[in-house]
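Undergrad: Structure file entry_15.cif, mmCIF, C-alpha atoms, is pasted below:
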```cif
data_final
#
loop_
_atom_site.label_atom_id
_atom_site.label_comp_id
_atom_site.auth_asym_id
_atom_site.auth_seq_id
_atom_site.Cartn_x
_atom_site.Cartn_y
_atom_site.Cartn_z
CA LYS A 239 -11.84 27.31 -27.47
CA GLN A 240 -9.10 28.02 -24.98
CA GLU A 241 -6.99 31.07 -25.80
CA VAL A 242 -3.81 31.87 -23.93
CA THR A 243 -2.31 35.36 -24.06
CA GLN A 244 1.04 36.42 -22.71
CA ILE A 245 1.96 40.02 -22.02
CA PRO A 246 4.37 41.56 -22.73
CA ALA A 247 5.53 39.86 -25.90
CA ALA A 248 9.06 41.10 -25.31
CA LEU A 249 10.90 42.68 -22.41
CA SER A 250 14.38 44.13 -22.08
CA VAL A 251 15.63 45.09 -18.64
CA PRO A 252 18.86 45.83 -16.83
CA GLU A 253 20.28 43.23 -14.51
CA GLY A 254 18.89 43.23 -10.98
CA GLU A 255 15.32 44.25 -11.75
CA ASN A 256 12.32 42.35 -10.44
CA LEU A 257 10.11 41.23 -13.30
CA VAL A 258 6.46 40.36 -13.84
CA LEU A 259 5.33 38.22 -16.75
CA ASN A 260 1.62 37.82 -17.33
CA CYS A 261 -0.47 35.00 -18.74
CA SER A 262 -4.23 35.15 -19.23
CA PHE A 263 -6.66 32.48 -20.42
CA THR A 264 -10.28 32.41 -21.48
CA ASP A 265 -11.46 29.04 -20.14
CA SER A 266 -11.00 28.55 -16.41
CA ALA A 267 -11.77 24.82 -16.57
CA ILE A 268 -8.12 23.91 -16.40
CA TYR A 269 -6.34 21.22 -14.44
CA ASN A 270 -2.94 22.79 -14.13
CA LEU A 271 -0.82 25.62 -15.38
CA GLN A 272 2.86 25.32 -16.14
CA TRP A 273 5.58 27.84 -16.85
CA PHE A 274 8.43 26.87 -19.16
CA ARG A 275 11.65 28.42 -20.28
CA GLN A 276 12.93 28.04 -23.84
CA ASP A 277 16.38 29.07 -24.96
CA PRO A 278 16.89 29.87 -28.67
CA GLY A 279 16.80 26.74 -30.80
CA LYS A 280 16.35 24.54 -27.76
CA GLY A 281 13.61 22.50 -26.16
CA LEU A 282 11.59 23.40 -23.11
CA THR A 283 12.63 23.47 -19.48
CA SER A 284 9.84 23.21 -16.93
CA LEU A 285 10.04 25.95 -14.30
CA LEU A 286 6.92 25.72 -12.16
CA LEU A 287 3.75 23.67 -12.19
CA ILE A 288 0.68 24.99 -10.37
CA GLN A 289 -2.19 22.63 -9.80
CA SER A 290 -5.70 24.00 -10.12
CA SER A 291 -6.24 23.79 -6.37
CA GLN A 292 -3.10 25.81 -5.65
CA ARG A 293 -2.60 29.56 -5.68
CA GLU A 294 1.13 29.74 -6.16
CA GLN A 295 4.43 27.91 -6.44
CA THR A 296 7.94 29.06 -5.69
CA SER A 297 11.34 27.90 -6.82
CA GLY A 298 14.38 29.97 -5.98
CA ARG A 299 13.97 33.43 -7.51
CA LEU A 300 10.81 32.39 -9.33
CA ASN A 301 7.28 32.65 -8.03
CA ALA A 302 4.17 31.84 -10.02
CA SER A 303 0.61 32.61 -9.00
CA LEU A 304 -2.67 31.35 -10.36
CA ASP A 305 -6.10 32.97 -10.17
CA LYS A 306 -8.52 30.74 -12.01
CA SER A 307 -11.53 32.96 -11.38
CA SER A 308 -9.96 35.84 -13.26
CA GLY A 309 -8.14 33.65 -15.77
CA ARG A 310 -4.69 34.91 -14.87
CA SER A 311 -1.28 33.66 -13.91
CA THR A 312 1.79 35.71 -13.11
CA LEU A 313 5.44 34.72 -13.09
CA TYR A 314 7.66 36.83 -10.86
CA ILE A 315 11.39 36.79 -11.40
CA ALA A 316 13.36 38.39 -8.59
CA ALA A 317 16.75 40.03 -9.05
CA SER A 318 16.99 39.20 -12.73
CA GLN A 319 20.31 38.03 -14.19
CA PRO A 320 21.64 37.89 -17.76
CA GLY A 321 21.30 34.11 -17.57
CA ASP A 322 17.55 34.57 -17.26
CA SER A 323 17.42 35.75 -20.87
CA ALA A 324 15.12 33.35 -22.74
CA THR A 325 11.54 32.97 -23.89
CA TYR A 326 9.06 32.18 -21.14
CA LEU A 327 5.97 30.19 -22.04
CA CYS A 328 2.89 29.50 -20.01
CA ALA A 329 0.82 26.46 -20.84
CA LEU A 330 -2.47 25.13 -19.58
CA PHE A 331 -3.42 21.55 -19.01
CA MET A 332 -6.87 20.79 -20.31
CA PHE A 333 -8.74 17.58 -20.95
CA SER A 334 -9.76 17.11 -24.56
CA GLY A 335 -10.22 14.11 -26.79
CA GLY A 336 -9.44 11.68 -24.02
CA TYR A 337 -6.13 13.19 -23.05
CA ASN A 338 -4.75 16.06 -21.13
CA LYS A 339 -2.99 18.38 -23.48
CA LEU A 340 -0.95 21.53 -23.12
CA ILE A 341 -2.20 24.73 -24.72
CA PHE A 342 0.64 27.21 -25.01
CA GLY A 343 0.78 30.97 -25.01
CA ALA A 344 2.96 32.77 -27.55
CA GLY A 345 5.60 33.51 -24.94
CA THR A 346 7.45 36.50 -23.53
CA ARG A 347 10.98 37.06 -24.89
CA LEU A 348 13.11 38.33 -22.05
CA ALA A 349 16.49 39.99 -22.41
CA VAL A 350 18.41 40.90 -19.27
CA HIS A 351 21.48 43.01 -19.99
CA PRO A 352 24.41 43.58 -17.65
CA GLY B 92 15.44 11.04 -14.53
CA ALA B 93 12.68 11.59 -17.10
CA VAL B 94 14.93 12.33 -20.05
CA VAL B 95 13.58 12.54 -23.58
CA SER B 96 15.86 12.57 -26.59
CA GLN B 97 15.23 13.42 -30.23
CA HIS B 98 17.16 12.45 -33.30
CA PRO B 99 18.31 14.09 -35.41
CA SER B 100 18.73 17.48 -33.77
CA TRP B 101 18.66 19.09 -37.19
CA VAL B 102 18.07 17.86 -40.73
CA ILE B 103 18.08 19.35 -44.19
CA CYS B 104 16.19 17.57 -46.93
CA LYS B 105 15.13 18.27 -50.49
CA SER B 106 11.58 19.06 -51.43
CA GLY B 107 9.60 15.91 -52.21
CA THR B 108 11.59 13.59 -49.98
CA SER B 109 10.56 12.12 -46.64
CA VAL B 110 12.29 12.53 -43.32
CA LYS B 111 11.90 10.63 -40.08
CA ILE B 112 12.33 12.12 -36.61
CA GLU B 113 12.70 9.90 -33.55
CA CYS B 114 11.59 10.64 -30.02
CA ARG B 115 12.84 8.39 -27.22
CA SER B 116 12.17 8.26 -23.51
CA LEU B 117 15.52 7.18 -22.08
CA ASP B 118 14.74 6.25 -18.51
CA PHE B 119 11.00 5.70 -18.33
CA GLN B 120 8.22 4.07 -20.25
CA ALA B 121 6.08 6.56 -22.11
CA THR B 122 2.59 5.34 -22.81
CA THR B 123 1.75 8.64 -24.47
CA MET B 124 3.86 10.92 -26.59
CA PHE B 125 2.95 14.28 -28.05
CA TRP B 126 4.32 15.99 -31.14
CA TYR B 127 4.48 19.75 -31.42
CA ARG B 128 5.47 22.13 -34.14
CA GLN B 129 6.92 25.58 -33.61
CA PHE B 130 7.46 28.26 -36.24
CA PRO B 131 9.96 31.08 -35.60
CA LYS B 132 8.81 33.45 -32.87
CA GLN B 133 5.59 31.54 -32.48
CA SER B 134 4.27 29.24 -29.82
CA LEU B 135 4.14 25.47 -29.79
CA MET B 136 1.19 23.93 -31.59
CA LEU B 137 0.13 20.40 -30.76
CA MET B 138 0.11 18.24 -33.87
CA ALA B 139 -0.86 14.84 -32.56
CA THR B 140 -1.02 12.53 -29.60
CA SER B 141 0.24 8.99 -29.87
CA ASN B 142 -0.27 6.02 -27.62
CA GLU B 143 1.87 2.93 -27.75
CA GLY B 144 0.35 0.34 -30.03
CA SER B 145 -2.53 2.44 -31.33
CA LYS B 146 -3.17 5.01 -34.00
CA ALA B 147 -2.25 8.60 -33.34
CA THR B 148 -4.89 11.24 -32.70
CA TYR B 149 -4.31 14.29 -34.88
CA GLU B 150 -5.32 17.83 -34.10
CA GLN B 151 -7.66 19.62 -36.44
CA GLY B 152 -5.88 20.90 -39.51
CA VAL B 153 -2.95 18.47 -39.30
CA GLU B 154 -2.73 16.13 -42.30
CA LYS B 155 -2.33 12.62 -40.98
CA ASP B 156 -1.21 11.28 -44.35
CA LYS B 157 1.57 13.82 -44.46
CA PHE B 158 2.74 13.55 -40.88
CA LEU B 159 2.93 9.84 -40.12
CA ILE B 160 3.30 8.97 -36.47
CA ASN B 161 4.28 5.55 -35.20
CA HIS B 162 4.47 4.73 -31.49
CA ALA B 163 5.76 1.19 -31.78
CA SER B 164 7.15 0.77 -28.28
CA LEU B 165 6.93 2.32 -24.84
CA THR B 166 10.14 4.22 -25.41
CA LEU B 167 9.99 5.26 -29.06
CA SER B 168 7.74 7.35 -31.24
CA THR B 169 8.58 8.48 -34.75
CA LEU B 170 7.27 11.32 -36.87
CA THR B 171 7.74 10.99 -40.62
CA VAL B 172 7.20 14.05 -42.77
CA THR B 173 6.28 12.68 -46.18
CA SER B 174 6.79 14.52 -49.46
CA ALA B 175 8.27 17.44 -47.59
CA HIS B 176 7.82 20.99 -48.86
CA PRO B 177 9.58 24.20 -47.82
CA GLU B 178 6.53 25.22 -45.78
CA ASP B 179 7.12 22.14 -43.62
CA SER B 180 10.36 23.69 -42.41
CA SER B 181 9.92 24.13 -38.69
CA PHE B 182 11.07 23.13 -35.23
CA TYR B 183 9.49 19.85 -34.17
CA ILE B 184 9.39 18.98 -30.47
CA CYS B 185 8.13 15.85 -28.79
CA SER B 186 7.09 15.25 -25.23
CA ALA B 187 6.37 12.08 -23.30
CA THR B 188 4.30 11.10 -20.31
CA THR B 189 4.21 8.08 -18.10
CA GLY B 190 0.43 7.87 -18.14
CA THR B 191 -2.38 8.59 -20.51
CA SER B 192 -3.56 11.44 -18.25
CA GLY B 193 -0.66 13.51 -19.49
CA TYR B 194 -0.23 14.99 -16.07
CA GLU B 195 3.36 15.91 -16.53
CA GLN B 196 5.13 16.04 -19.83
CA TYR B 197 8.85 15.74 -20.40
CA PHE B 198 10.13 17.49 -23.47
CA GLY B 199 12.76 16.53 -25.98
CA PRO B 200 15.34 19.06 -27.22
CA GLY B 201 13.64 19.48 -30.59
CA THR B 202 14.52 18.83 -34.23
CA ARG B 203 15.09 21.63 -36.71
CA LEU B 204 13.83 20.62 -40.16
CA THR B 205 14.78 22.64 -43.22
CA VAL B 206 13.31 21.68 -46.58
CA THR B 207 15.09 23.15 -49.59
#
```
Now, as a test, write the supplied structure out as structure tokens.
TA:
Amino acid sequence: KQEVTQIPAALSVPEGENLVLNCSFTDSAIYNLQWFRQDPGKGLTSLLLIQSSQREQTSGRLNASLDKSSGRSTLYIAASQPGDSATYLCALFMFSGGYNKLIFGAGTRLAVHP
Amino acid sequence: GAVVSQHPSWVICKSGTSVKIECRSLDFQATTMFWYRQFPKQSLMLMATSNEGSKATYEQGVEKDKFLINHASLTLSTLTVTSAHPEDSSFYICSATTGTSGYEQYFGPGTRLTVT
């Protein structure tokens, strides 16, 4: 059974810091890995999607890496801003029961203070 | 593009009643829709997968007679919580894909259900 762990569970930093959010998984037979952002009481916003054949993806101040062999993914946030405050979720695509499905980690709650 | 809406955004109902939540793909045809449940400070848990015109596939531990899913068209799926109890109070989120492979999912904004 696939298990997804995100560390740290919560993070509070001053504005301007570079951040590292970690995601680890137990089954490397994944198709893709996706990072999402969730604001309180809201739905999910897709940030980055890394296909299994890729090592990393970048979008603006965000960079996500994937190392399937070690079962790890890392989300880097450069020059953090208060607007980055949210919960960040990693999710793995896996094929099960005839469909690809997303298995989510518990998330990292990020607070960036001015 | 690829917008998914949910209605209502929040609902309060009394214990024992049923409540229906709608998930719509606004600008694409969704052959597959997924329903998730999220408790406070917890992650999303997949409840079921629904394909247009066929029965939903429920994850282990999810009562299909309690959580009725109907995917009647390529743009609409509904989740009905029957005989709701306070422990059913949760945040319900749907997602939709354009193909059965589920390669990329587009998420709705979620529905907050409170059962009193």
Undergrad: I want to know what sits within 10 Å of Val110 (chain B), based on all atoms listed in the file, with residues of the same chain fewer than 4 positions away left out; could you give that as a PDB file with C-alpha atoms, in the frame of the given file?
TA:
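That gives us out38.pdb:
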```pdb
ATOM      1  CA  VAL B 102      18.070  17.860 -40.730  1.00  0.00           C
ATOM      2  CA  ILE B 103      18.080  19.350 -44.190  1.00  0.00           C
ATOM      3  CA  CYS B 104      16.190  17.570 -46.930  1.00  0.00           C
ATOM      4  CA  LYS B 105      15.130  18.270 -50.490  1.00  0.00           C
ATOM      5  CA  PHE B 158       2.740  13.550 -40.880  1.00  0.00           C
ATOM      6  CA  LEU B 170       7.270  11.320 -36.870  1.00  0.00           C
ATOM      7  CA  THR B 171       7.740  10.990 -40.620  1.00  0.00           C
ATOM      8  CA  VAL B 172       7.200  14.050 -42.770  1.00  0.00           C
ATOM      9  CA  THR B 173       6.280  12.680 -46.180  1.00  0.00           C
ATOM     10  CA  SER B 174       6.790  14.520 -49.460  1.00  0.00           C
ATOM     11  CA  ALA B 175       8.270  17.440 -47.590  1.00  0.00           C
ATOM     12  CA  LEU B 204      13.830  20.620 -40.160  1.00  0.00           C
ATOM     13  CA  VAL B 206      13.310  21.680 -46.580  1.00  0.00           C
TER      14      VAL B 206
END
```
Undergrad: To verify the selection step, state as a PyMOL selection string which residues the PyMOL selection byres ((chain A) within 9 of (chain B)) yields on this input.
TA: chain A and resi 269-270+279-284+287+327+331+333+335-345
Undergrad: For the structure provided, state which residues fall under the PyMOL selection byres ((chain A and resi 351) around 12), and present them as number ranges by chain.
TA: A: 249-255, 318-324, 348-350, 352
Undergrad: Give me the residues near Gly298 (chain A) as a CSV table (one decimal) with C-alpha atoms, in the coordinates of the input, where near means some atom within 12 Å (using only C-alpha atoms) and where sequence neighbours in that chain fewer than 4 positions away do not count.
TA:
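Final output, part08.csv:
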```
chain,number,residue,atom,x,y,z
A,285,LEU,CA,10.0,26.0,-14.3
A,286,LEU,CA,6.9,25.7,-12.2
A,302,ALA,CA,4.2,31.8,-10.0
A,314,TYR,CA,7.7,36.8,-10.9
A,315,ILE,CA,11.4,36.8,-11.4
A,316,ALA,CA,13.4,38.4,-8.6
A,317,ALA,CA,16.8,40.0,-9.0
A,318,SER,CA,17.0,39.2,-12.7
```
Undergrad: Nearest residue to Lys239 (chain A) out of A:Asn260, A:Ser307, A:Ser334, A:Gln289, using only C-alpha atoms?
TA: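 Ranking A:Asn260, A:Ser307, A:Ser334, A:Gln289 by distance to Lys239 (chain A), first place goes to A:Ser334.
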Undergrad: Determine the residue set returned by the PyMOL selection byres ((chain B and resi 93-99) around 6) for the present structure, and present it as number ranges by chain.
TA: B: 92, 100-101, 112-118, 199
Undergrad: Near region 240-242 of chain A, counting only C-alpha atoms, which residues have an atom at most 6 Å away, once you skip same-chain residues fewer than 2 positions from it, shown as a PyMOL selection string?
TA: chain A and resi 262-265+343
Undergrad: Work out how far CA of Ser303 (chain A) is from CA of Thr243 (chain A), in Å to one decimal.
TA: 15.6 Å
Undergrad: Provide the CA of Val153 (chain B) to CA of Gln276 (chain A) distance in Å, to one decimal place.
TA: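 About the pair CA of Val153 (chain B) and CA of Gln276 (chain A): they are 24.1 Å apart.
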Undergrad: Can you measure CA of Asp179 (chain B) to CA of Arg128 (chain B) for me? One decimal in Å is fine.
TA: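 So the answer is 9.6 Å.
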Undergrad: So which one's closest to Ser164 (chain B), B:Ser106, B:Phe130, B:Lys111, B:Gly144? Using only C-alpha atoms, please.
TA: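 That would be B:Gly144, the residue with the smallest distance to Ser164 (chain B).
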